[in-house]
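Worksheet: the structure to be examined is printed underneath.
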Amino acid sequence: MNMAMTNLYQYKDIEYRLKKSERKTTSIYIERDGSVSVLAPAPFELERIEQILEKKRSWIYRSLAEWADLNRTRVHREYVNGESFLYLGRQYRLQLIDTAKQKGIDIQEAPLVFLHNQFWLRKDAVEQAPEHFKQFYKTKLTKKLKERFKLYQPVMGVTPIDVKVMELQNRWGSCTSKGVINFHWKCAMLPTTVLDYVVVHELAHITNQSHNAAFWRSIEKVMPGYEEQKIWLRLNGAGMSL
């Protein structure tokens, strides 16, 4: 298959996306959309990648079955009065508003605001509601991350080159080999304790790009019992959607 045309490959019954990795090792991931991704150093050696896929076949099957089971509870939200939306681990109701000023709420400049433990959205902005929510989450998460990084950077003794909030497809966070940490805007939906796990996880990658034993020990040193947050993320991640 022509790599210039697509990064989608097929090995027997396993369809996977092949992505360039900055690491020297090859890793397999089940993305949040249920697709299989292979991260491998370039130039790609398809024969070697297929050997790894074959070796991990049972794990891939189990992980895909688990993904399907967890995603049966995926929430499909509508932008109507009373619908609930996540923010920092809690559900808050949405109220649609007719005018810029109503019930003491002024949303003339921003079509979506969060006040009095509710989301307020102008009715004339409903069609663009997903984008307004994404912008809200990006803005709030950027501010929240500054607070959490101030807490964990001194403890871990590392400092990222930059921190960005963006669309990350199916990952919560990523760390480049240069020390740039990226977060999915959906992290604004997570409880602070779970967000902290993602922060510590990515900070740990600044000095260790692998998920080896030393990597997990560095996380446990800062966050004892991190497994609880990791499991929460796995079980509830499907519900972190618009």
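Letters A, B, ... mark the chains of the structure tokens in the order given; residue numbers begin at 1 per chain; ligand numbers begin at 1, in order shown.
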
(message) Write out as a list in words the set of residues from region 56-163 of chain A that DSSP, computed on the backbone, places in strand (DSSP E).
(response)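 For region 56-163 of chain A, the strand (DSSP E) set is Ser84, Phe85, Leu86, Tyr87, Arg90, Gln91, Tyr92, Arg93, Leu94, Gln95, Leu96, Ile97, Lys101, Gln102, Ile105, Asp106, Leu112, Val113, Phe114, Leu115, Gln118, Phe119, Trp120, Leu121, Arg122, Asp162 and Val163 of chain A.
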
(message) Report as a list in words all protein, DNA and RNA residues lying within 10 Å of Val194 (chain A), evaluated on only C-alpha atoms, omitting residues in the same chain fewer than 3 positions from it.
(response)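 So, after excluding close chain neighbours, the residues are Leu88, Gly89, Cys187, Met189, Leu190, Pro191, Tyr197, Val198, Val199, Val200, Tyr226, Glu228, Gln229, Lys230, Ile231, Trp232 and Leu233 of chain A.
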
Pull the closest atom pair for each residue of region 108-195 of chain A that gets at most 8 Å from region 15-34 of chain A, along with the distance in Å to one decimal, counting only C-alpha atoms, ordering rows by chain and then ascending residue number, as JSON lines.
```
{"residue": "A:Asn170", "atom": "CA", "partner": "A:Arg32", "partner_atom": "CA", "distance": 4.9}
{"residue": "A:Arg171", "atom": "CA", "partner": "A:Glu31", "partner_atom": "CA", "distance": 7.1}
{"residue": "A:Thr176", "atom": "CA", "partner": "A:Glu22", "partner_atom": "CA", "distance": 7.6}
{"residue": "A:Ser177", "atom": "CA", "partner": "A:Glu22", "partner_atom": "CA", "distance": 6.6}
```

(request) Could you check which of A:Glu66, A:Arg122, A:Ile219, A:Asn117 is closest to Val155 (chain A), using only C-alpha atoms? (result)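 Smallest separation from Val155 (chain A) among the options: A:Ile219.
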
(request) Select, from A:Arg148, A:Lys123, A:His205, A:Lys140, the residue with the minimum atom-to-atom distance to Tyr87 (chain A), counting only C-alpha atoms. (result) A:Lys140

(request) Could you give me the residues within region 37-71 of chain A that DSSP places in alpha helix (DSSP H), as a list in words? (result)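 Across region 37-71 of chain A, those assigned alpha helix (DSSP H) are Leu46, Glu47, Arg48, Ile49, Glu50, Gln51, Ile52, Leu53, Glu54, Lys55, Arg57, Ser58, Trp59, Ile60, Tyr61, Arg62, Ser63, Leu64, Ala65, Glu66, Trp67, Ala68, Asp69 and Leu70 of chain A.
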
(message) Excluding Lys178 (chain A) and its own-chain neighbours fewer than 4 positions away, which residues fall within 9 Å of it when counting only C-alpha atoms? Please give them as a PyMOL selection string.
(response) chain A and resi 160-161+206

(request) Could you check which of A:Ser37, A:Val126, A:Thr159, A:Trp185 is closest to Thr139 (chain A), using only C-alpha atoms? (result)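 Of all the options, A:Trp185 lies closest to Thr139 (chain A).
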
(message) For a test of reading the model, state the distance in Å between CA of Glu78 (chain A) and CA of Arg234 (chain A), rounded to one decimal.
(response)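 It comes out at 23.9 Å.
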
(message) Could you check the closest approach to Lys56 (chain A) for each of A:Val75, A:Thr142, A:Val38, A:His211 and tell me which residue wins, using only C-alpha atoms?
(response)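 Smallest separation from Lys56 (chain A) among the options: A:Val38.
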
(message) Could you check the closest approach to Gln135 (chain A) for each of A:Val163, A:Ile97, A:His184, A:Ser174 and tell me which residue wins, using only C-alpha atoms?
(response)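 Nearest to Gln135 (chain A): A:His184.
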
(request) Could you check how far CA of Met166 (chain A) sits from CA of Gln118 (chain A), in Å to one decimal? (result)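 For CA of Met166 (chain A) relative to CA of Gln118 (chain A), the distance reads 24.3 Å.
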